[in-house]
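A quick write-up on the structure given underneath.
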There are 6 protein chains.
Amino acid sequence: MPIRRSRPSWEVLSGDSADVYFARAQQILDREGLDPIVTMEVFARREAVLCGIDEAKTLLAHALADPADGALVEALDDGDLVVPKEVVLRIRARYRRFGLYETAFLGMLAQSTGWATAARECVEAAAPAPVISFGARHIHPDITDVLDYAAIVGGCVGASTPAGARMAGLAPTGTMPHSLVLIFGDTVRAAEAFDRDMDADVPRIVLVDTFRDEAEEALRVAQALGERLYGIRLDTPSERGRVTADLVLEVRARLDQAGFGHVRIVASGGLTPDRIRYFKDAGAPVDSYAVGSYISGATPIDFTGDIKEIEDRPIAKRGRIPGRTPSPRLRPVDLAVWKGD
Amino acid sequence: MPIRRSRPSWEVLSGDSADVYFARAQQILDREGLDPIVTMEVFARREAVLCGIDEAKTLLAHALADPADGALVEALDDGDLVVPKEVVLRIRARYRRFGLYETAFLGMLAQSTGWATAARECVEAAAPAPVISFGARHIHPDITDVLDYAAIVGGCVGASTPAGARMAGLAPTGTMPHSLVLIFGDTVRAAEAFDRDMDADVPRIVLVDTFRDEAEEALRVAQALGERLYGIRLDTPSERGRVTADLVLEVRARLDQAGFGHVRIVASGGLTPDRIRYFKDAGAPVDSYAVGSYISGATPIDFTGDIKEIEDRPIAKRGRIPGRTPSPRLRPVDLAVWKGD
Amino acid sequence: MPIRRSRPSWEVLSGDSADVYFARAQQILDREGLDPIVTMEVFARREAVLCGIDEAKTLLAHALADPADGALVEALDDGDLVVPKEVVLRIRARYRRFGLYETAFLGMLAQSTGWATAARECVEAAAPAPVISFGARHIHPDITDVLDYAAIVGGCVGASTPAGARMAGLAPTGTMPHSLVLIFGDTVRAAEAFDRDMDADVPRIVLVDTFRDEAEEALRVAQALGERLYGIRLDTPSERGRVTADLVLEVRARLDQAGFGHVRIVASGGLTPDRIRYFKDAGAPVDSYAVGSYISGATPIDFTGDIKEIEDRPIAKRGRIPGRTPSPRLRPVDLAVWKGD
Amino acid sequence: MPIRRSRPSWEVLSGDSADVYFARAQQILDREGLDPIVTMEVFARREAVLCGIDEAKTLLAHALADPADGALVEALDDGDLVVPKEVVLRIRARYRRFGLYETAFLGMLAQSTGWATAARECVEAAAPAPVISFGARHIHPDITDVLDYAAIVGGCVGASTPAGARMAGLAPTGTMPHSLVLIFGDTVRAAEAFDRDMDADVPRIVLVDTFRDEAEEALRVAQALGERLYGIRLDTPSERGRVTADLVLEVRARLDQAGFGHVRIVASGGLTPDRIRYFKDAGAPVDSYAVGSYISGATPIDFTGDIKEIEDRPIAKRGRIPGRTPSPRLRPVDLAVWKGD
Amino acid sequence: MPIRRSRPSWEVLSGDSADVYFARAQQILDREGLDPIVTMEVFARREAVLCGIDEAKTLLAHALADPADGALVEALDDGDLVVPKEVVLRIRARYRRFGLYETAFLGMLAQSTGWATAARECVEAAAPAPVISFGARHIHPDITDVLDYAAIVGGCVGASTPAGARMAGLAPTGTMPHSLVLIFGDTVRAAEAFDRDMDADVPRIVLVDTFRDEAEEALRVAQALGERLYGIRLDTPSERGRVTADLVLEVRARLDQAGFGHVRIVASGGLTPDRIRYFKDAGAPVDSYAVGSYISGATPIDFTGDIKEIEDRPIAKRGRIPGRTPSPRLRPVDLAVWKGD
Amino acid sequence: MPIRRSRPSWEVLSGDSADVYFARAQQILDREGLDPIVTMEVFARREAVLCGIDEAKTLLAHALADPADGALVEALDDGDLVVPKEVVLRIRARYRRFGLYETAFLGMLAQSTGWATAARECVEAAAPAPVISFGARHIHPDITDVLDYAAIVGGCVGASTPAGARMAGLAPTGTMPHSLVLIFGDTVRAAEAFDRDMDADVPRIVLVDTFRDEAEEALRVAQALGERLYGIRLDTPSERGRVTADLVLEVRARLDQAGFGHVRIVASGGLTPDRIRYFKDAGAPVDSYAVGSYISGATPIDFTGDIKEIEDRPIAKRGRIPGRTPSPRLRPVDLAVWKGD
């Protein structure tokens with residue numbers, strides 16, 4: 001499933017966004033008349049959920065797709081679980097065809113793999129309850145689609161941006177902003193407008209911490225929307241002690257006592273795998289978790305590209321073992337398909 | 001100095017990259033016929049070097065520049081040092097004019113401020129030696145320019161991508177990739193080609209850890225390029241124990257003993273403020289530090305946008321204080337200028 | 001100021017509540033015809049706010065007041081700050097006159113000194129804001145008066161039990177129980193009844209966390225009682241994240257914005273010196289702190305009674321230095337006065 | 001087995017020792033003509049050995065025993081092991097009949113349960129060797145009986161005060177004070193007097209650390225008393241390094257070598273569960289442990305009383321779940337029996 | 001197997017190297033005409049690999065071998081694993097015959113047992129790869145033979161000093177000093193001279209970190225010596241990051257790729273059991289470990305000599321149990337054999 | 001002051017106790033006809049009290065004293081405080097004259113410097129009270145003289161072995177062994193014999209922990225010897241809780257109360273700088289400290305010998321800086337004097 005970001009930007013293809021020393025290397029090799037066939041291998045040093053590799057294939061397809069060049073690309077796929085030092089990408093091509101793109105494809109891998117791996121941690125902590133990616137607000141808007149796609153590759157069942165959800169073939173997920181409640185001046189009035197104005201396929205999930213105590217507000221909203229209320233979202237601010245397991249238990253009990261057993265509870269607000277486990281260990285009946293900065297703020301996972309052969313002869317810089325690394329899981333990449341021709 | 005990223009992308013302006021609940025709020029307010037004037041304030045919860053605010057101004061200028069709307073924007077500037085909860089941006093405008101962009105401008109602020117703040121930590125640790133941003137390879141290529149600009153705002157004297165350096169009005173900084181040395185098969189031969197083929201204004205900085213021991217290689221390169229050699233870069237891989245203070249001291253001593261006192265030493269490889277302080281405390285004569293993942297992998301610094309007035313009446317959600325926060329440092333933003341009309 | 005507990009109970013005077021080996025020792029000495037004049041010194045091993053010594057004087061006065069016996073008692077006073085191993089009580093009398101009471105006077109000292117010292121820690125943390133003792137519910141009701149007296153000796157300005165407050169010459173301090181609010185079904189209705197039915201000299205302090213969010217409830221109560229409202233008490237349960245500094249700041253701001261600057265804020269709920277310092281460090285405008293289990297649950301401070309002379313000759317058990325310890329701060333105790341004859 | 005403290009004191013029954021806000025609540029409800037039937041549940045938040053509940057039953061019996069009132073009380077019993085949040089007491093009665101006693105019965109539970117739970121920890125650490133409560137000297141003499149009763153509920157086989165031992169139906173346990181040895185001037189002479197003067201049923205246990213080395217003194221005492229010596233007590237002061245496992249081993253060996261295999265060894269002095277385990281892990285043949293401040297200085301275990309129904313309708317304050325908690329272990333309390341009529 | 005150090009030095013036999021109070025005790029007893037038969041037992045307080053006991057037997061044999069004296073010595077043997085407080089040596093003899101030697105035999109035991117025990121830790125960490133003792137340079141040259149013997153008793157397969165190896169019946173083990181390489185100015189030239197000049201039975205193990213990168217140098221040496229090269233030693237200095245697991249893996253791979261699979265890898269430089277485990281856990285193919293200061297700098301293991309009988313009557317100082325300790329593992333020592341007569 | 005160990009042993013001079021690779025290097029150089037003049041520098045990596053250097057000078061004097069050879073040796077002296085990497089010894093001579101002795105002189109330096117440095121730590125902790133070295137029993141008897149000399153170089157005022165004390169020009173220091181007390185069966189009888197039989201210049205210091213409590217025994221001994229008693233030694237075994245500050249205080253007080261203010265208190269038993277500081281911080285009046293294993297079990301301080309010039313041309317192995325290190329404190333060594341010719 002090639003992602004929708006099908007054409008690399010001008011900045012990437014021109015090297016304008018690459019480390020300048022790659023452009024310089026191209027220029028020197030050009031002037032010296034050198035362009036050997038090199039074999040490069042790419043790997044990370046820790047266990048991870050691989051992501052960004054499909055975007056990297058698209059980039060390499062634009063660079064190397066000319067069949068006359070005889071370039072060979074082998075790779076794993078988005079979503080593969082990789083072990084430390086496992087080769088995820090191997091390129092055999094003339095160096096000047098792709099050397100300039102090393103910064104770009106390493107960056108795609110590093111950031112997306114960091115996000116997907118963090119998402120997986122949350123998903124494993126929350127299972128069987130689902131996790132949704134809500135982290136768009138912590139990263140640059142030009143890559144929120146990439147974030148949300150990576151979160152879904154890591155196991156999230158939904159994401160908050162239309163662009164990201166679309167990349168993963170899903171509809172975006174969301175509730176309502178505090179702004180809306182503030183403008184209506186009352187949670188119930190905001191909820192009623194939401195119910196009145198939204199398409200039928202948008203689940204009615206109402207944020208209940210804006211003005212009053214969550215337990216009180218949850219009951220008011222449930223009484224107002226009745227069967228149409230899909231769920232309520234608890235997002236208690238840190239100034240009020242964050243969402244606690246006891247709060248979830250109490251809201252669940254009060255809803256059930258009032259006959260609103262169908263109303264689901266979504267928790268959000270500074271969630272991490274540890275915090276998710278705290279809810280589970282305390283028996284708090286959270287129906288789904290909306291995770292933000294733990295995923296979007298995940299540290300990129302560093303990838304390294306090493307030249308292992310030049311003109312098919314083993315070579316390596318100090319510290320690395322010359323020659324190809326046995327990598328039986330690598331699969332050939334059909335560059336024409338990935339270029340989208 | 002407005003940055004060059006002057007026009008927000010279609011995805012940002014359309015809300016395609018925003019949390020979907022903002023689009024839904026717009027739709028509800030539209031159907032309900034509501035569009036109050038609201039005052040929103042934006043702040044972070046920790047001390048930071050503010051960055052991304054100028055890019056946010058450009059975005060808001062595109063949304064709010066019509067003078068007929070009477071929107072008022074006040075803000076601080078890129079590079080300002082902010083304290084916890086200090087207001088960095090205040091918008092007074094009809095909500096439907098800008099509500100959709102909250103995800104985008106918070107994301108610009110979060111990521112750039114995270115990078116600039118991490119860069120500042122390195123710069124303070126290294127002073128008076130300069131720091132260069134080398135982190136492009138850890139993040140998505142569509143935002144390497146934003147990274148490098150933020151690193152420079154944080155105090156770095158250079159950055160490795162042409163796009164990023166240009167945003168800050170500088171030339172890009174770089175040495176040579178290991179690939180080039182491997183293709184030439186010898187550090188000295190690669191250095192000679194570099195010297196032969198590069199423009200005169202590119203400093204000759206040669207990477208000396210590819211094939212042989214760094215001290216040996218540094219002397220060989222210095223003998224080959226003589227006065228034209230600007231510096232050598234030590235980037236010893238972890239498999240060889242990383243760059244140590246003793247290595248720097250020894251290379252410096254051997255270069256000096258051989259009459260190459262003019263050759264500068266650039267250190268790189270997993271540098272952090274602690275590692276930089278280690279070099280300084282050990283008296284290692286590093287002339288400049290090239291920092292990668294500590295800056296580019298910095299966790300975004302979360303920003304929050306709160307509605308504090310509606311139709312000029314104080315209001316706030318639970319946990320926040322209604323009404324405007326005294327913010328004497330805020331300066332009015334001339335939206336027409338920032339739109340670039 | 002002798003405390004009101006003027007007459008020791010039968011259990012104490014009979015030795016029924018003492019370690020049985022003291023009664024046995026009395027019996028043996030009686031049968032052997034021994035009753036030497038001994039000098040006993042009492043001390044603790046840590047710095048502390050001394051308390052219980054006045055109650056011990058009353059006990060000793062009942063045992064030793066007969067002038068014919070020639071007993072001499074020297075002591076410090078309740079509230080004195082003592083250093084490790086400082087002698088707080090010295091008794092020179094025939095052993096059979098007082099040996100049986102060692103368990104009792106050591107117990108009075110241990111528990112009261114433990115409480116007073118813990119109270120002092122809270123008072124020092126909170127200064128200049130005052131501290132009130134609310135810990136009666138954690139200890140046996142037969143000694144709540146002793147607890148509250150000790151807390152006041154340690155620096156508290158008030159205490160919650162009538163008996164304890166009376167011992168210190170004060171009126172008891174309190175607000176209202178959650179039960180009252182629950183029975184009225186609404187905080188405002190409960191507050192109005194409180195205001196209607198209480199004597200004028202009882203400060204109107206209303207508990208505002210029973211049904212709704214504290215900030216909302218504080219405003220409702222202030223609007224109902226107006227100038228007559230003395231203060232509100234924040235006692236948020238742990239299920240709602242306890243009282244936070246931000247909550248105090250917000251409630252203060254919302255009260256002030258609504259013109260209720262005169263309403264004081266009392267904080268309670270699991271307070272400790274660390275938690276009090278957290279409020280102060282965060283600038284939270286708490287007007288007074290109500291402390292419970294930190295004071296009432298304080299570990300007793302162990303006191304030791306050593307015989308240092310027999311018939312005025314220095315002696316001591318292994319591990320102790322024979323003879324009187326220089327103790328210039330000791331003051332003679334007028335036994336007749338303390339007996340209350 | 002109702003304890004002997006059958007009649008609550010005037011201070012408790014009058015509310016003089018209660019938090020004043022309960023008295024105020026009574027007064028308000030009286031003036032407002034309110035006296036609903038409420039259901040209150042009492043629980044702790046940690047695992048514990050329940051104690052004080054029988055004393056609370058006696059108190060409630062005095063308040064609620066009039067059959068005309070139809071009050072219903074259900075409870076667990078002293079010695080029950082309870083889990084966190086388990087209901088230990090449920091009262092359904094008119095509020096004004098018992099509201100005033102909340103401070104008292106919570107305090108009875110908190111302090112006694114704290115002591116019994118600490119005693120249990122020591123007992124489990126020492127098993128199969130027995131533990132004796134020696135902590136009277138650290139608490140107020142008015143409650144040493146309550147302490148010793150609680151320690152026995154927690155599993156101690158004996159206690160040092162006559163009053164406490166009697167409450168549990170036992171004879172008090174003890175050896176001799178250091179004072180006695182000092183007055184006789186020699187351990188053997190003191191032991192001989194003890195043996196001469198005490199009733200036959202008092203075990204001859206002699207303290208052997210007053211003047212000389214314990215091993216030397218133990219042999220001297222054994223030689224003097226022979227078969228009549230029941231045991232020796234080691235209570236080495238901290239100035240001499242406390243009782244060590246090696247000391248016990250050596251004293252045991254020297255006694256055995258001299259033919260005194262029948263003499264038991266009692267250890268005391270700052271014992272805690274950890275210290276007891278140290279002796280056991282080291283194989284030190286301690287025959288019984290006398291524990292003081294670890295039990296008597298145990299922090300009270302906080303109990304909470306929540307109104308869960310008013311006029312049989314579920315209600316609760318914020319943070320609690322309205323309505324009765326399923327509590328199958330609760331047993332009805334026969335108030336007439338507990339009142340002792 | 002009596003060790004070669006068969007005759008104690010004059011200093012030991014004269015008491016010149018003993019604690020002076022033993023000489024004084026001899027003198028006093030002489031003047032007082034006392035010379036009882038005493039039984040002394042010697043033990044350590046921790047688990048250990050016993051060593052030095054055979055040297056102690058030789059010393060005692062010189063002191064006590066006269067059959068007329070009837071001295072009885074029982075002991076364990078070098079290499080026995082002992083448990084805490086286990087008796088390793090028991091002497092029954094007239095005190096003046098051996099009292100003077102207590103300092104000497106305790107010292108022999110303490111230092112050798114410390115070394116053997118540390119060696120055992122390394123050997124267990126490295127198994128099945130062998131360990132060699134290289135620690136002579138950290139201790140006084142008069143006892144390097146004792147060190148190396150103890151290391152072999154602890155399980156090392158070789159040691160670097162001729163004297164020490166001979167004591168254990170082995171040939172010494174070694175490679176070449178850095179000095180040799182420096183004097184030849186090139187590792188290959190030094191290796192060739194080593195190969196040319198050494199006897200055939202000396203394994204050709206070449207140090208490869210003197211001038212160039214280890215991987216490069218290892219290949220050069222292997223090419224020069226071919227099949228005659230037994231192994232290379234990696235001893236990377238800390239200034240170059242010490243020997244890392246990755247370095248071993250890479251050197252192994254590069255040697256194998258070049259057809260030198262027969263060349264063994266010896267690792268040295270600050271090795272400890274933890275560091276050895278690091279290599280094993282990382283899968284680094286080290287063929288043998290050369291350990292220096294971890295063994296030679298091991299803290300001596302304290303031994304104590306207690307008199308337990310005088311004229312066959314049990315006695316002991318305070319803190320010890322009088323009489324012989326059951327010690328079934330002790331074996332009689334034939335003094336005449338150990339004296340070497 | 002050359003130490004008395006004037007002539008190196010045969011094992012050292014023959015290389016039998018050296019790392020075998022030095023002998024092999026000698027053999028190779030001989031066969032290759034090489035014997036360059038080299039300059040070697042010796043240094044440690046940590047701050048230390050230098051010791052063993054004078055013994056090393058004697059060794060080098062025997063190797064290099066022939067004036068025809070023109071060897072130059074520069075060095076610091078025993079007792080000098082050195083900083084990390086400071087050169088303590090520089091040799092310029094034909095390599096084959098001294099290369100074989102590198103193991104020996106490094107070992108002399110490592111062990112003696114380790115001991116002297118540990119002694120200094122104790123001395124600084126104890127000042128102004130003096131420290132005595134009592135550690136002979138933890139090390140091999142062949143080097144107890146070297147230990148005691150090093151301890152005195154580190155600041156100890158005395159040492160327990162005659163050989164060691166003589167090397168430092170002092171009389172040995174000691175009290176009496178437990179054995180003597182045991183043989184006499186009573187501390188006072190042993191003390192009286194000691195007093196009767198020893199020369200007048202031996203201070204009467206009596207060990208008082210063998211049979212009875214220290215405080216009791218100290219008084220008995222003082223009464224027996226009166227003015228002739230110089231001091232008592234407290235050496236309480238760990239089974240009795242070691243020597244505590246309180247014990248010292250009490251013994252001092254009891255001696256003073258009985259008129260024995262002139263009797264000094266020596267403390268011993270597991271003393272370390274921390275333990276010494278504990279006594280001082282507690283105000284315990286210890287007159288001198290006898291330290292054993294902290295000094296004698298000190299880890300050797302590693303010294304390194306680097307060749308820095310060959311035939312006066314700078315050279316160094318990887319990781320070191322070629323050429324002589326500026327070392328203004330080095331002083332020329334007169335080899336003839338040190339050889340003792």
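Here, A, B, ... name the chains of the structure tokens in the order displayed, residue numbers run from 1 inside each chain, and ligands are numbered from 1 in the same displayed order.
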(request) Mind checking which residues fall within 12 Å of A:Leu13, counting only C-alpha atoms, ignoring those fewer than 4 positions away in the same chain, and posting them as a ChimeraX atom specification? (result) /A:7-9,17-18,23,58-64,97-105 /B:141-142
(request) For stretch 195-203 of chain B, please output as number ranges by chain all residues within 10 Å (counting only C-alpha atoms; exclusion window: fewer than 2 positions along the same chain). (result) A: 24-25, 27-32; B: 171-175, 189-193, 205-206, 225, 228-231
(message) Only residues of chain C matter here; which ones have an atom within 12 Å of chain B, counting only C-alpha atoms? Give them as a ChimeraX atom specification.
(response) /C:212-216,243-258,282
Using N, CA, C and O atoms, can you export the residues from the last selection as an mmCIF file, in the first residue's frame?
data_model
loop_
_atom_site.group_PDB
_atom_site.id
_atom_site.type_symbol
_atom_site.label_atom_id
_atom_site.label_comp_id
_atom_site.auth_asym_id
_atom_site.auth_seq_id
_atom_site.Cartn_x
_atom_site.Cartn_y
_atom_site.Cartn_z
ATOM 1 N N ARG C 212 -20.062 19.954 43.560
ATOM 2 C CA ARG C 212 -19.673 20.517 42.267
ATOM 3 C C ARG C 212 -18.210 20.947 42.298
ATOM 4 O O ARG C 212 -17.543 20.864 43.317
ATOM 5 N N ASP C 213 -17.776 21.434 41.166
ATOM 6 C CA ASP C 213 -16.419 21.934 41.077
ATOM 7 C C ASP C 213 -16.210 23.058 42.090
ATOM 8 O O ASP C 213 -17.097 23.911 42.299
ATOM 9 N N GLU C 214 -15.061 23.077 42.685
ATOM 10 C CA GLU C 214 -14.800 24.001 43.782
ATOM 11 C C GLU C 214 -14.917 25.465 43.358
ATOM 12 O O GLU C 214 -15.420 26.302 44.119
ATOM 13 N N ALA C 215 -14.424 25.783 42.188
ATOM 14 C CA ALA C 215 -14.435 27.187 41.767
ATOM 15 C C ALA C 215 -15.869 27.656 41.571
ATOM 16 O O ALA C 215 -16.262 28.765 41.976
ATOM 17 N N GLU C 216 -16.671 26.806 40.957
ATOM 18 C CA GLU C 216 -18.079 27.155 40.730
ATOM 19 C C GLU C 216 -18.803 27.317 42.083
ATOM 20 O O GLU C 216 -19.518 28.297 42.308
ATOM 21 N N VAL C 243 -6.238 18.963 46.573
ATOM 22 C CA VAL C 243 -6.134 20.402 46.347
ATOM 23 C C VAL C 243 -4.791 20.685 45.677
ATOM 24 O O VAL C 243 -3.762 20.212 46.146
ATOM 25 N N THR C 244 -4.813 21.414 44.569
ATOM 26 C CA THR C 244 -3.556 21.788 43.907
ATOM 27 C C THR C 244 -3.335 23.289 44.063
ATOM 28 O O THR C 244 -4.277 24.059 44.331
ATOM 29 N N ALA C 245 -2.075 23.686 43.878
ATOM 30 C CA ALA C 245 -1.754 25.114 43.948
ATOM 31 C C ALA C 245 -2.516 25.878 42.875
ATOM 32 O O ALA C 245 -2.988 26.997 43.104
ATOM 33 N N ASP C 246 -2.655 25.268 41.704
ATOM 34 C CA ASP C 246 -3.386 25.953 40.641
ATOM 35 C C ASP C 246 -4.848 26.157 41.005
ATOM 36 O O ASP C 246 -5.442 27.182 40.655
ATOM 37 N N LEU C 247 -5.422 25.198 41.697
ATOM 38 C CA LEU C 247 -6.822 25.361 42.110
ATOM 39 C C LEU C 247 -6.953 26.557 43.053
ATOM 40 O O LEU C 247 -7.870 27.380 42.922
ATOM 41 N N VAL C 248 -6.050 26.671 43.995
ATOM 42 C CA VAL C 248 -6.105 27.790 44.926
ATOM 43 C C VAL C 248 -5.964 29.114 44.178
ATOM 44 O O VAL C 248 -6.730 30.067 44.402
ATOM 45 N N LEU C 249 -4.991 29.146 43.268
ATOM 46 C CA LEU C 249 -4.778 30.383 42.504
ATOM 47 C C LEU C 249 -6.031 30.755 41.711
ATOM 48 O O LEU C 249 -6.425 31.928 41.652
ATOM 49 N N GLU C 250 -6.645 29.749 41.097
ATOM 50 C CA GLU C 250 -7.814 30.040 40.273
ATOM 51 C C GLU C 250 -9.013 30.472 41.130
ATOM 52 O O GLU C 250 -9.707 31.441 40.801
ATOM 53 N N VAL C 251 -9.251 29.769 42.226
ATOM 54 C CA VAL C 251 -10.386 30.136 43.078
ATOM 55 C C VAL C 251 -10.194 31.555 43.613
ATOM 56 O O VAL C 251 -11.119 32.366 43.625
ATOM 57 N N ARG C 252 -8.964 31.839 44.014
ATOM 58 C CA ARG C 252 -8.663 33.205 44.479
ATOM 59 C C ARG C 252 -8.970 34.221 43.380
ATOM 60 O O ARG C 252 -9.622 35.249 43.623
ATOM 61 N N ALA C 253 -8.503 33.939 42.164
ATOM 62 C CA ALA C 253 -8.700 34.883 41.062
ATOM 63 C C ALA C 253 -10.182 35.046 40.743
ATOM 64 O O ALA C 253 -10.675 36.159 40.547
ATOM 65 N N ARG C 254 -10.903 33.924 40.715
ATOM 66 C CA ARG C 254 -12.329 34.035 40.379
ATOM 67 C C ARG C 254 -13.106 34.774 41.494
ATOM 68 O O ARG C 254 -14.012 35.562 41.216
ATOM 69 N N LEU C 255 -12.751 34.519 42.742
ATOM 70 C CA LEU C 255 -13.395 35.256 43.831
ATOM 71 C C LEU C 255 -13.077 36.750 43.718
ATOM 72 O O LEU C 255 -13.977 37.607 43.843
ATOM 73 N N ASP C 256 -11.814 37.051 43.479
ATOM 74 C CA ASP C 256 -11.424 38.462 43.388
ATOM 75 C C ASP C 256 -12.137 39.146 42.212
ATOM 76 O O ASP C 256 -12.638 40.268 42.338
ATOM 77 N N GLN C 257 -12.169 38.474 41.063
ATOM 78 C CA GLN C 257 -12.823 39.078 39.890
ATOM 79 C C GLN C 257 -14.306 39.360 40.166
ATOM 80 O O GLN C 257 -14.884 40.299 39.613
ATOM 81 N N ALA C 258 -14.910 38.533 41.025
ATOM 82 C CA ALA C 258 -16.331 38.721 41.319
ATOM 83 C C ALA C 258 -16.535 39.626 42.533
ATOM 84 O O ALA C 258 -17.679 39.773 43.015
ATOM 85 N N ALA C 282 4.693 27.616 45.044
ATOM 86 C CA ALA C 282 3.924 27.904 43.832
ATOM 87 C C ALA C 282 3.168 29.223 43.945
ATOM 88 O O ALA C 282 2.441 29.597 43.030
#
